[in-house]
>>> print(open('final-v2.txt').read())   # compact mmCIF, N, CA and C atoms and all ligand atoms
# COMPACT_ATOMS: atom_id res chain seq x y z
N MET Y 30 13.59 -3.97 -3.53
CA MET Y 30 12.68 -2.95 -2.95
C MET Y 30 12.16 -2.04 -4.07
N ASN Y 31 10.90 -2.09 -4.35
CA ASN Y 31 10.36 -1.19 -5.36
C ASN Y 31 9.52 -0.09 -4.70
N LEU Y 32 8.95 0.72 -5.54
CA LEU Y 32 8.20 1.87 -5.07
C LEU Y 32 7.03 1.47 -4.16
N PHE Y 33 6.37 0.37 -4.51
CA PHE Y 33 5.20 -0.06 -3.74
C PHE Y 33 5.61 -0.51 -2.34
N GLU Y 34 6.67 -1.33 -2.30
CA GLU Y 34 7.14 -1.80 -1.00
C GLU Y 34 7.64 -0.63 -0.16
N THR Y 35 8.40 0.25 -0.80
CA THR Y 35 8.94 1.39 -0.07
C THR Y 35 7.81 2.22 0.50
N GLY Y 36 6.80 2.51 -0.33
CA GLY Y 36 5.68 3.32 0.11
C GLY Y 36 4.96 2.70 1.28
N LYS Y 37 4.72 1.39 1.17
CA LYS Y 37 3.92 0.72 2.20
C LYS Y 37 4.67 0.56 3.50
N THR Y 38 5.99 0.32 3.42
CA THR Y 38 6.72 0.09 4.66
C THR Y 38 7.10 1.41 5.32
N ALA Y 39 7.33 2.44 4.51
CA ALA Y 39 7.80 3.69 5.10
C ALA Y 39 6.64 4.58 5.56
N VAL Y 40 5.50 4.45 4.91
CA VAL Y 40 4.37 5.30 5.27
C VAL Y 40 3.25 4.40 5.77
N ASN Y 41 2.78 4.61 7.00
CA ASN Y 41 1.65 3.79 7.41
C ASN Y 41 0.35 4.49 7.03
N ALA Y 42 -0.73 3.72 7.06
CA ALA Y 42 -2.01 4.21 6.56
C ALA Y 42 -2.45 5.45 7.35
N ARG Y 43 -2.13 5.46 8.64
CA ARG Y 43 -2.57 6.58 9.46
C ARG Y 43 -1.86 7.87 9.05
N GLU Y 44 -0.56 7.76 8.84
CA GLU Y 44 0.19 8.95 8.39
C GLU Y 44 -0.32 9.44 7.04
N GLY Y 45 -0.56 8.46 6.17
CA GLY Y 45 -1.05 8.80 4.84
C GLY Y 45 -2.39 9.51 4.92
N ALA Y 46 -3.30 8.93 5.72
CA ALA Y 46 -4.63 9.51 5.87
C ALA Y 46 -4.54 10.94 6.38
N GLN Y 47 -3.70 11.13 7.40
CA GLN Y 47 -3.60 12.45 8.00
C GLN Y 47 -3.02 13.48 7.04
N LEU Y 48 -2.01 13.06 6.29
CA LEU Y 48 -1.42 13.99 5.34
C LEU Y 48 -2.46 14.41 4.30
N TYR Y 49 -3.34 13.47 3.93
CA TYR Y 49 -4.30 13.77 2.88
C TYR Y 49 -5.64 14.27 3.42
N GLY Y 50 -5.61 14.73 4.67
CA GLY Y 50 -6.77 15.46 5.19
C GLY Y 50 -7.86 14.61 5.81
N VAL Y 51 -7.57 13.33 6.08
CA VAL Y 51 -8.53 12.51 6.79
C VAL Y 51 -8.18 12.61 8.28
N ALA Y 52 -9.07 13.23 9.06
CA ALA Y 52 -8.76 13.45 10.47
C ALA Y 52 -9.04 12.18 11.27
N VAL Y 53 -7.99 11.56 11.75
CA VAL Y 53 -8.13 10.32 12.51
C VAL Y 53 -8.15 10.66 14.00
N ASN Y 54 -9.18 10.21 14.70
CA ASN Y 54 -9.25 10.54 16.13
C ASN Y 54 -8.41 9.58 16.96
N ARG Y 55 -8.46 9.77 18.28
CA ARG Y 55 -7.53 9.02 19.12
C ARG Y 55 -7.81 7.53 19.13
N SER Y 56 -9.05 7.14 18.83
CA SER Y 56 -9.30 5.70 18.79
C SER Y 56 -9.07 5.12 17.40
N GLY Y 57 -8.49 5.93 16.51
CA GLY Y 57 -8.13 5.40 15.19
C GLY Y 57 -9.28 5.44 14.20
N MET Y 58 -10.36 6.20 14.53
CA MET Y 58 -11.50 6.27 13.63
C MET Y 58 -11.51 7.63 12.92
N ALA Y 59 -12.09 7.65 11.73
CA ALA Y 59 -12.17 8.90 10.98
C ALA Y 59 -13.45 8.93 10.18
N LEU Y 60 -13.87 10.13 9.78
CA LEU Y 60 -14.99 10.24 8.85
C LEU Y 60 -14.53 9.67 7.52
N CYS Y 61 -15.31 8.75 6.98
CA CYS Y 61 -14.90 8.08 5.76
C CYS Y 61 -15.02 9.03 4.56
N PRO Y 62 -13.92 9.19 3.82
CA PRO Y 62 -13.97 10.08 2.66
C PRO Y 62 -14.62 9.42 1.44
N PHE Y 63 -14.96 8.14 1.56
CA PHE Y 63 -15.46 7.42 0.39
C PHE Y 63 -16.97 7.28 0.36
N HIS Y 64 -17.64 7.71 1.43
CA HIS Y 64 -19.09 7.82 1.37
C HIS Y 64 -19.50 9.00 2.25
N ASN Y 65 -20.78 9.33 2.23
CA ASN Y 65 -21.25 10.49 2.99
C ASN Y 65 -21.36 10.11 4.46
N ASP Y 66 -20.28 10.27 5.19
CA ASP Y 66 -20.18 9.75 6.55
C ASP Y 66 -20.47 10.85 7.57
N HIS Y 67 -21.34 10.55 8.54
CA HIS Y 67 -21.64 11.55 9.58
C HIS Y 67 -21.04 11.17 10.92
N HIS Y 68 -20.84 9.88 11.14
CA HIS Y 68 -20.15 9.41 12.33
C HIS Y 68 -18.92 8.67 11.84
N PRO Y 69 -17.80 8.80 12.51
CA PRO Y 69 -16.59 8.13 12.02
C PRO Y 69 -16.80 6.62 11.84
N SER Y 70 -16.75 6.17 10.62
CA SER Y 70 -16.92 4.74 10.33
C SER Y 70 -15.64 4.12 9.82
N LEU Y 71 -14.67 4.98 9.56
CA LEU Y 71 -13.44 4.50 8.93
C LEU Y 71 -12.40 4.21 10.00
N LEU Y 72 -12.02 2.94 10.09
CA LEU Y 72 -10.95 2.55 10.99
C LEU Y 72 -9.63 2.70 10.25
N VAL Y 73 -8.73 3.48 10.80
CA VAL Y 73 -7.42 3.63 10.16
C VAL Y 73 -6.37 3.00 11.06
N ALA Y 74 -5.88 1.84 10.66
CA ALA Y 74 -4.84 1.15 11.42
C ALA Y 74 -3.50 1.50 10.80
N ASP Y 75 -2.44 0.94 11.36
CA ASP Y 75 -1.12 1.27 10.83
C ASP Y 75 -0.94 0.80 9.40
N ASP Y 76 -1.44 -0.41 9.12
CA ASP Y 76 -1.12 -0.98 7.81
C ASP Y 76 -2.30 -1.03 6.86
N HIS Y 77 -3.49 -0.63 7.31
CA HIS Y 77 -4.62 -0.63 6.38
C HIS Y 77 -5.72 0.27 6.91
N TYR Y 78 -6.72 0.52 6.05
CA TYR Y 78 -7.91 1.22 6.51
C TYR Y 78 -9.12 0.37 6.17
N HIS Y 79 -10.20 0.54 6.95
CA HIS Y 79 -11.42 -0.22 6.66
C HIS Y 79 -12.63 0.59 7.08
N CYS Y 80 -13.59 0.74 6.18
CA CYS Y 80 -14.81 1.46 6.53
C CYS Y 80 -15.91 0.46 6.86
N PHE Y 81 -16.48 0.61 8.06
CA PHE Y 81 -17.50 -0.33 8.49
C PHE Y 81 -18.84 -0.02 7.83
N ALA Y 82 -18.98 1.14 7.25
CA ALA Y 82 -20.25 1.50 6.61
C ALA Y 82 -20.26 1.13 5.13
N CYS Y 83 -19.25 1.57 4.38
CA CYS Y 83 -19.29 1.32 2.93
C CYS Y 83 -18.33 0.23 2.49
N GLY Y 84 -17.52 -0.28 3.43
CA GLY Y 84 -16.66 -1.41 3.09
C GLY Y 84 -15.36 -1.04 2.39
N ALA Y 85 -15.07 0.26 2.26
CA ALA Y 85 -13.80 0.66 1.66
C ALA Y 85 -12.67 0.04 2.46
N HIS Y 86 -11.69 -0.50 1.78
CA HIS Y 86 -10.64 -1.24 2.46
C HIS Y 86 -9.37 -1.23 1.62
N GLY Y 87 -8.23 -1.11 2.27
CA GLY Y 87 -6.99 -1.18 1.52
C GLY Y 87 -5.81 -0.71 2.34
N ASP Y 88 -4.67 -0.60 1.69
CA ASP Y 88 -3.49 -0.09 2.38
C ASP Y 88 -3.28 1.36 1.98
N VAL Y 89 -2.14 1.89 2.38
CA VAL Y 89 -1.92 3.33 2.19
C VAL Y 89 -1.89 3.70 0.70
N ILE Y 90 -1.47 2.78 -0.13
CA ILE Y 90 -1.44 3.08 -1.57
C ILE Y 90 -2.86 3.10 -2.15
N ASP Y 91 -3.68 2.14 -1.70
CA ASP Y 91 -5.08 2.16 -2.13
C ASP Y 91 -5.76 3.45 -1.68
N LEU Y 92 -5.41 3.87 -0.46
CA LEU Y 92 -6.01 5.09 0.08
C LEU Y 92 -5.73 6.28 -0.82
N ALA Y 93 -4.45 6.46 -1.14
CA ALA Y 93 -4.08 7.59 -2.00
C ALA Y 93 -4.72 7.44 -3.38
N ALA Y 94 -4.74 6.21 -3.90
CA ALA Y 94 -5.31 5.98 -5.22
C ALA Y 94 -6.79 6.36 -5.23
N ASN Y 95 -7.52 5.93 -4.19
CA ASN Y 95 -8.96 6.19 -4.16
C ASN Y 95 -9.28 7.65 -3.86
N LEU Y 96 -8.47 8.25 -2.98
CA LEU Y 96 -8.73 9.65 -2.62
C LEU Y 96 -8.53 10.56 -3.82
N PHE Y 97 -7.53 10.27 -4.62
CA PHE Y 97 -7.18 11.18 -5.70
C PHE Y 97 -7.55 10.64 -7.08
N GLY Y 98 -8.21 9.48 -7.10
CA GLY Y 98 -8.60 8.90 -8.37
C GLY Y 98 -7.41 8.52 -9.24
N LEU Y 99 -6.36 8.02 -8.59
CA LEU Y 99 -5.14 7.66 -9.31
C LEU Y 99 -5.05 6.16 -9.50
N SER Y 100 -4.22 5.75 -10.44
CA SER Y 100 -3.88 4.33 -10.53
C SER Y 100 -2.96 4.01 -9.35
N LEU Y 101 -2.81 2.73 -9.06
CA LEU Y 101 -1.94 2.35 -7.94
C LEU Y 101 -0.51 2.81 -8.19
N TYR Y 102 -0.12 2.75 -9.44
CA TYR Y 102 1.23 3.18 -9.80
C TYR Y 102 1.42 4.67 -9.49
N ASP Y 103 0.46 5.48 -9.94
CA ASP Y 103 0.57 6.91 -9.69
C ASP Y 103 0.45 7.22 -8.20
N ALA Y 104 -0.39 6.46 -7.51
CA ALA Y 104 -0.55 6.67 -6.08
C ALA Y 104 0.76 6.37 -5.35
N ALA Y 105 1.43 5.30 -5.75
CA ALA Y 105 2.70 4.95 -5.13
C ALA Y 105 3.73 6.05 -5.40
N ARG Y 106 3.68 6.59 -6.61
CA ARG Y 106 4.61 7.67 -6.94
C ARG Y 106 4.30 8.92 -6.14
N LYS Y 107 3.00 9.18 -5.96
CA LYS Y 107 2.60 10.36 -5.19
C LYS Y 107 3.06 10.23 -3.74
N LEU Y 108 2.84 9.05 -3.17
CA LEU Y 108 3.29 8.82 -1.79
C LEU Y 108 4.79 9.03 -1.67
N ALA Y 109 5.51 8.48 -2.63
CA ALA Y 109 6.97 8.60 -2.60
C ALA Y 109 7.36 10.07 -2.64
N ALA Y 110 6.67 10.84 -3.48
CA ALA Y 110 6.99 12.26 -3.60
C ALA Y 110 6.59 13.01 -2.34
N ASP Y 111 5.37 12.73 -1.84
CA ASP Y 111 4.86 13.49 -0.69
C ASP Y 111 5.63 13.16 0.59
N PHE Y 112 6.13 11.94 0.69
CA PHE Y 112 6.85 11.57 1.90
C PHE Y 112 8.36 11.55 1.68
N HIS Y 113 8.78 12.10 0.54
CA HIS Y 113 10.20 12.24 0.23
C HIS Y 113 10.93 10.91 0.30
N LEU Y 114 10.32 9.89 -0.30
CA LEU Y 114 10.97 8.59 -0.33
C LEU Y 114 11.80 8.50 -1.60
N ALA Y 115 12.86 7.77 -1.52
CA ALA Y 115 13.70 7.58 -2.70
C ALA Y 115 13.77 6.10 -3.04
N PRO Y 116 12.89 5.63 -3.92
CA PRO Y 116 12.78 4.20 -4.17
C PRO Y 116 14.04 3.58 -4.76
N ASP Y 117 14.90 4.37 -5.36
CA ASP Y 117 16.09 3.80 -5.98
C ASP Y 117 17.22 3.57 -4.99
N LYS Y 118 17.09 4.23 -3.85
CA LYS Y 118 18.15 4.08 -2.85
C LYS Y 118 17.79 2.97 -1.89
N PRO Y 119 18.79 2.33 -1.29
CA PRO Y 119 18.47 1.29 -0.32
C PRO Y 119 17.68 1.91 0.84
N PRO Y 120 16.71 1.17 1.35
CA PRO Y 120 15.89 1.71 2.44
C PRO Y 120 16.68 1.76 3.74
N PRO Y 121 16.25 2.58 4.67
CA PRO Y 121 16.92 2.62 5.97
C PRO Y 121 16.86 1.28 6.67
N GLU Y 122 17.80 1.07 7.55
CA GLU Y 122 17.91 -0.19 8.28
C GLU Y 122 16.59 -0.56 8.97
N SER Y 123 15.91 0.44 9.52
CA SER Y 123 14.68 0.18 10.28
C SER Y 123 13.63 -0.47 9.39
N ILE Y 124 13.58 -0.07 8.13
CA ILE Y 124 12.60 -0.65 7.22
C ILE Y 124 12.96 -2.09 6.89
N CYS Y 125 14.24 -2.34 6.68
CA CYS Y 125 14.68 -3.71 6.41
C CYS Y 125 14.29 -4.62 7.57
N GLN Y 126 14.47 -4.13 8.77
CA GLN Y 126 14.11 -4.91 9.95
C GLN Y 126 12.63 -5.25 9.91
N LYS Y 127 11.82 -4.25 9.61
CA LYS Y 127 10.37 -4.45 9.56
C LYS Y 127 10.02 -5.54 8.57
N LEU Y 128 10.67 -5.50 7.41
CA LEU Y 128 10.37 -6.48 6.36
C LEU Y 128 10.72 -7.88 6.81
N LYS Y 129 11.86 -8.00 7.51
CA LYS Y 129 12.32 -9.31 7.94
C LYS Y 129 11.39 -9.91 8.98
N GLN Y 130 10.71 -9.04 9.73
CA GLN Y 130 9.88 -9.54 10.82
C GLN Y 130 8.53 -10.05 10.35
N LYS Y 131 8.25 -9.93 9.09
CA LYS Y 131 6.94 -10.36 8.59
C LYS Y 131 6.73 -11.86 8.73
N THR Y 132 5.52 -12.25 9.01
CA THR Y 132 5.22 -13.67 9.10
C THR Y 132 5.13 -14.26 7.70
N LYS Y 133 5.13 -15.58 7.64
CA LYS Y 133 5.07 -16.27 6.37
C LYS Y 133 3.78 -15.88 5.62
N ALA Y 134 2.69 -15.85 6.32
CA ALA Y 134 1.40 -15.54 5.69
C ALA Y 134 1.41 -14.13 5.10
N GLN Y 135 1.96 -13.20 5.86
CA GLN Y 135 2.05 -11.82 5.38
C GLN Y 135 2.91 -11.77 4.13
N GLN Y 136 3.99 -12.55 4.18
CA GLN Y 136 4.91 -12.53 3.07
C GLN Y 136 4.24 -13.06 1.80
N LEU Y 137 3.42 -14.10 1.95
CA LEU Y 137 2.71 -14.67 0.80
C LEU Y 137 1.77 -13.65 0.20
N GLN Y 138 1.06 -12.96 1.06
CA GLN Y 138 0.13 -11.92 0.62
C GLN Y 138 0.88 -10.83 -0.12
N GLU Y 139 2.00 -10.49 0.47
CA GLU Y 139 2.86 -9.45 -0.08
C GLU Y 139 3.33 -9.84 -1.49
N ASP Y 140 3.75 -11.11 -1.60
CA ASP Y 140 4.23 -11.60 -2.89
C ASP Y 140 3.16 -11.47 -3.94
N GLU Y 141 1.93 -11.78 -3.53
CA GLU Y 141 0.83 -11.75 -4.46
C GLU Y 141 0.62 -10.32 -4.97
N ARG Y 142 0.63 -9.37 -4.05
CA ARG Y 142 0.43 -7.98 -4.43
C ARG Y 142 1.60 -7.48 -5.26
N LEU Y 143 2.78 -7.87 -4.85
CA LEU Y 143 3.98 -7.44 -5.54
C LEU Y 143 3.94 -7.97 -6.96
N CYS Y 144 3.46 -9.19 -7.09
CA CYS Y 144 3.35 -9.83 -8.39
C CYS Y 144 2.51 -8.96 -9.32
N CYS Y 145 1.36 -8.55 -8.86
CA CYS Y 145 0.48 -7.70 -9.67
C CYS Y 145 1.17 -6.38 -9.93
N ALA Y 146 1.80 -5.85 -8.90
CA ALA Y 146 2.46 -4.56 -9.03
C ALA Y 146 3.55 -4.62 -10.09
N VAL Y 147 4.32 -5.71 -10.06
CA VAL Y 147 5.42 -5.84 -10.99
C VAL Y 147 4.89 -5.96 -12.42
N LEU Y 148 3.84 -6.76 -12.56
CA LEU Y 148 3.23 -6.91 -13.87
C LEU Y 148 2.73 -5.57 -14.39
N PHE Y 149 2.05 -4.86 -13.49
CA PHE Y 149 1.47 -3.57 -13.84
C PHE Y 149 2.57 -2.60 -14.23
N TRP Y 150 3.59 -2.63 -13.41
CA TRP Y 150 4.72 -1.75 -13.63
C TRP Y 150 5.36 -2.04 -15.00
N GLY Y 151 5.51 -3.35 -15.23
CA GLY Y 151 6.11 -3.77 -16.48
C GLY Y 151 5.35 -3.25 -17.68
N SER Y 152 4.03 -3.29 -17.58
CA SER Y 152 3.25 -2.88 -18.73
C SER Y 152 3.24 -1.36 -18.86
N THR Y 153 3.48 -0.66 -17.76
CA THR Y 153 3.45 0.80 -17.81
C THR Y 153 4.80 1.37 -18.22
N ALA Y 154 5.82 0.93 -17.50
CA ALA Y 154 7.12 1.57 -17.70
C ALA Y 154 8.01 0.77 -18.65
N GLY Y 155 7.70 -0.51 -18.80
CA GLY Y 155 8.41 -1.32 -19.76
C GLY Y 155 9.83 -1.70 -19.36
N HIS Y 156 10.21 -1.41 -18.14
CA HIS Y 156 11.57 -1.79 -17.77
C HIS Y 156 11.62 -2.73 -16.58
N TRP Y 157 10.47 -3.23 -16.18
CA TRP Y 157 10.48 -4.20 -15.08
C TRP Y 157 10.29 -5.58 -15.64
N LYS Y 158 11.08 -6.48 -15.15
CA LYS Y 158 10.96 -7.85 -15.62
C LYS Y 158 9.99 -8.61 -14.72
N SER Y 159 9.23 -9.52 -15.28
CA SER Y 159 8.25 -10.23 -14.47
C SER Y 159 8.74 -11.63 -14.13
N GLY Y 160 10.03 -11.82 -14.01
CA GLY Y 160 10.60 -13.12 -13.69
C GLY Y 160 10.08 -13.70 -12.39
N ASN Y 161 10.05 -12.88 -11.35
CA ASN Y 161 9.56 -13.34 -10.05
C ASN Y 161 8.14 -13.84 -10.17
N CYS Y 162 7.40 -13.16 -10.99
CA CYS Y 162 5.99 -13.43 -11.10
C CYS Y 162 5.75 -14.81 -11.70
N SER Y 163 6.45 -15.12 -12.78
CA SER Y 163 6.21 -16.41 -13.40
C SER Y 163 6.67 -17.53 -12.47
N MET Y 164 7.71 -17.26 -11.69
CA MET Y 164 8.14 -18.25 -10.71
C MET Y 164 7.03 -18.53 -9.71
N LEU Y 165 6.42 -17.44 -9.29
CA LEU Y 165 5.35 -17.54 -8.29
C LEU Y 165 4.20 -18.35 -8.85
N HIS Y 166 3.87 -18.13 -10.11
CA HIS Y 166 2.75 -18.84 -10.72
C HIS Y 166 3.06 -20.32 -10.85
N ARG Y 167 4.30 -20.63 -11.25
CA ARG Y 167 4.67 -22.04 -11.36
C ARG Y 167 4.52 -22.72 -10.01
N HIS Y 168 4.96 -22.01 -9.00
CA HIS Y 168 4.92 -22.53 -7.64
C HIS Y 168 3.46 -22.82 -7.24
N ARG Y 169 2.58 -21.89 -7.59
CA ARG Y 169 1.17 -22.03 -7.22
C ARG Y 169 0.55 -23.26 -7.86
N ARG Y 170 0.84 -23.43 -9.13
CA ARG Y 170 0.17 -24.50 -9.87
C ARG Y 170 0.44 -25.87 -9.26
N LYS Y 171 1.61 -26.00 -8.62
CA LYS Y 171 1.97 -27.29 -8.04
C LYS Y 171 1.06 -27.63 -6.86
N ARG Y 172 0.52 -26.59 -6.19
CA ARG Y 172 -0.23 -26.86 -4.98
C ARG Y 172 -1.66 -27.32 -5.26
ZN ZN Y 201 -17.12 4.55 3.97
>>> encode(input="final-v2.txt", output="structure tokens", more="lines below")
Ligand SMILES: [Zn+2]
Amino acid sequence: MNLFETGKTAVNAREGAQLYGVAVNRSGMALCPFHNDHHPSLLVADDHYHCFACGAHGDVIDLAANLFGLSLYDAARKLAADFHLAPDKPPPESICQKLKQKTKAQQLQEDERLCCAVLFWGSTAGHWKSGNCSMLHRHRRKR
């Protein structure tokens, strides 16, 4: 469990949006902070946001990164700080359950993002190993 996974599983996009001042209405729509929006065009779901006008799209980490002009790494750190997450500690049981319930397709997508995250992390902090990543690449090449 790294900072990215912790951030994404513990904080949903709607909570993130609301904390950062994006007012989400009852149907899950909000004024898009990424373009000059006059009618709510931004759909904020639990696990992602999507703007039907300007096409902004991503998860809660992308949201924080784009809102504050941060790198994904800094955005993940900001989320962890703002939501009082402790990435070094084991996550609560409820989060583990959520992770286990993911479908195969979701898991593949997750692996892909995690792969980039790990690589990125490795180049930034220098203490993450990219072993999982090279395994993933070997696996891909076979297909
Ligand atoms: Zn927009």
>>> closest_atom_pairs(input="final-v2.txt", of="chain Y", to="ligand ZN 201 (chain Y)", cutoff="6.5 Å", atoms="only N, CA and C atoms and all ligand atoms", output="tab-separated table")
residue	atom	partner	partner_atom	distance
Y:Cys61	CA	Y:ZN201	ZN	4.5
Y:Pro62	N	Y:ZN201	ZN	5.6
Y:Phe63	C	Y:ZN201	ZN	4.5
Y:His64	N	Y:ZN201	ZN	4.1
Y:Asn65	N	Y:ZN201	ZN	6.3
Y:Ser70	C	Y:ZN201	ZN	6.0
Y:Leu71	N	Y:ZN201	ZN	6.1
Y:Cys80	CA	Y:ZN201	ZN	4.6
Y:Phe81	N	Y:ZN201	ZN	5.7
Y:Ala82	C	Y:ZN201	ZN	4.8
Y:Cys83	N	Y:ZN201	ZN	3.7
Y:Gly84	N	Y:ZN201	ZN	4.9
Y:Ala85	N	Y:ZN201	ZN	5.1
>>> write_last_selection(input="final-v2.txt", atoms="N, CA and C atoms", output="PDB file, in the frame of the given file")
ATOM      1  N   CYS Y  61     -15.310   8.750   6.980  1.00  0.00           N
ATOM      2  CA  CYS Y  61     -14.900   8.080   5.760  1.00  0.00           C
ATOM      3  C   CYS Y  61     -15.020   9.030   4.560  1.00  0.00           C
ATOM      4  N   PRO Y  62     -13.920   9.190   3.820  1.00  0.00           N
ATOM      5  CA  PRO Y  62     -13.970  10.080   2.660  1.00  0.00           C
ATOM      6  C   PRO Y  62     -14.620   9.420   1.440  1.00  0.00           C
ATOM      7  N   PHE Y  63     -14.960   8.140   1.560  1.00  0.00           N
ATOM      8  CA  PHE Y  63     -15.460   7.420   0.390  1.00  0.00           C
ATOM      9  C   PHE Y  63     -16.970   7.280   0.360  1.00  0.00           C
ATOM     10  N   HIS Y  64     -17.640   7.710   1.430  1.00  0.00           N
ATOM     11  CA  HIS Y  64     -19.090   7.820   1.370  1.00  0.00           C
ATOM     12  C   HIS Y  64     -19.500   9.000   2.250  1.00  0.00           C
ATOM     13  N   ASN Y  65     -20.780   9.330   2.230  1.00  0.00           N
ATOM     14  CA  ASN Y  65     -21.250  10.490   2.990  1.00  0.00           C
ATOM     15  C   ASN Y  65     -21.360  10.110   4.460  1.00  0.00           C
ATOM     16  N   SER Y  70     -16.750   6.170  10.620  1.00  0.00           N
ATOM     17  CA  SER Y  70     -16.920   4.740  10.330  1.00  0.00           C
ATOM     18  C   SER Y  70     -15.640   4.120   9.820  1.00  0.00           C
ATOM     19  N   LEU Y  71     -14.670   4.980   9.560  1.00  0.00           N
ATOM     20  CA  LEU Y  71     -13.440   4.500   8.930  1.00  0.00           C
ATOM     21  C   LEU Y  71     -12.400   4.210  10.000  1.00  0.00           C
ATOM     22  N   CYS Y  80     -13.590   0.740   6.180  1.00  0.00           N
ATOM     23  CA  CYS Y  80     -14.810   1.460   6.530  1.00  0.00           C
ATOM     24  C   CYS Y  80     -15.910   0.460   6.860  1.00  0.00           C
ATOM     25  N   PHE Y  81     -16.480   0.610   8.060  1.00  0.00           N
ATOM     26  CA  PHE Y  81     -17.500  -0.330   8.490  1.00  0.00           C
ATOM     27  C   PHE Y  81     -18.840  -0.020   7.830  1.00  0.00           C
ATOM     28  N   ALA Y  82     -18.980   1.140   7.250  1.00  0.00           N
ATOM     29  CA  ALA Y  82     -20.250   1.500   6.610  1.00  0.00           C
ATOM     30  C   ALA Y  82     -20.260   1.130   5.130  1.00  0.00           C
ATOM     31  N   CYS Y  83     -19.250   1.570   4.380  1.00  0.00           N
ATOM     32  CA  CYS Y  83     -19.290   1.320   2.930  1.00  0.00           C
ATOM     33  C   CYS Y  83     -18.330   0.230   2.490  1.00  0.00           C
ATOM     34  N   GLY Y  84     -17.520  -0.280   3.430  1.00  0.00           N
ATOM     35  CA  GLY Y  84     -16.660  -1.410   3.090  1.00  0.00           C
ATOM     36  C   GLY Y  84     -15.360  -1.040   2.390  1.00  0.00           C
ATOM     37  N   ALA Y  85     -15.070   0.260   2.260  1.00  0.00           N
ATOM     38  CA  ALA Y  85     -13.800   0.660   1.660  1.00  0.00           C
ATOM     39  C   ALA Y  85     -12.670   0.040   2.460  1.00  0.00           C
TER      40      ALA Y  85
END
>>> atom_distance(input="final-v2.txt", atom1="atom C of Ala74 in chain Y", atom2="atom C of Asn41 in chain Y")
6.2 Å
>>> atom_distance(input="final-v2.txt", atom1="atom C of Ala104 in chain Y", atom2="atom C of Ile90 in chain Y")
5.8 Å
>>> residues_around(input="final-v2.txt", residues="Asp88 in chain Y", least_positions_apart="5", cutoff="6.5 Å", atoms="all atoms listed in the file", output="ChimeraX atom specification")
/Y:42,76-78,93
>>> write_last_selection(input="final-v2.txt", atoms="N, CA and C atoms", output="PDB file, keeping the file's coordinate frame")
ATOM      1  N   ALA Y  42      -0.730   3.720   7.060  1.00  0.00           N
ATOM      2  CA  ALA Y  42      -2.010   4.210   6.560  1.00  0.00           C
ATOM      3  C   ALA Y  42      -2.450   5.450   7.350  1.00  0.00           C
ATOM      4  N   ASP Y  76      -1.440  -0.410   9.120  1.00  0.00           N
ATOM      5  CA  ASP Y  76      -1.120  -0.980   7.810  1.00  0.00           C
ATOM      6  C   ASP Y  76      -2.300  -1.030   6.860  1.00  0.00           C
ATOM      7  N   HIS Y  77      -3.490  -0.630   7.310  1.00  0.00           N
ATOM      8  CA  HIS Y  77      -4.620  -0.630   6.380  1.00  0.00           C
ATOM      9  C   HIS Y  77      -5.720   0.270   6.910  1.00  0.00           C
ATOM     10  N   TYR Y  78      -6.720   0.520   6.050  1.00  0.00           N
ATOM     11  CA  TYR Y  78      -7.910   1.220   6.510  1.00  0.00           C
ATOM     12  C   TYR Y  78      -9.120   0.370   6.170  1.00  0.00           C
ATOM     13  N   ALA Y  93      -4.450   6.460  -1.140  1.00  0.00           N
ATOM     14  CA  ALA Y  93      -4.080   7.590  -2.000  1.00  0.00           C
ATOM     15  C   ALA Y  93      -4.720   7.440  -3.380  1.00  0.00           C
TER      16      ALA Y  93
END
>>> axis_aligned_box(input="final-v2.txt", around="range 61-66 of chain Y", padding_each_side="6 Å", output="lines of an AutoDock Vina configuration file")
center_x = -17.6
center_y = 9.1
center_z = 4.0
size_x = 19.4
size_y = 15.6
size_z = 19.2
>>> closest_residue(input="final-v2.txt", among="Y:Gln138, Y:Val73, Y:Leu96, Y:Val89", to="Gly45 in chain Y", atoms="only C-alpha atoms")
Y:Val89
>>> atom_distance(input="final-v2.txt", atom1="atom N of Tyr102 in chain Y", atom2="atom C of Lys37 in chain Y")
14.0 Å
>>> closest_residue(input="final-v2.txt", among="Y:Leu72, Y:Gly36, Y:Lys107, Y:Arg43", to="Gly57 in chain Y", atoms="all atoms listed in the file")
Y:Leu72
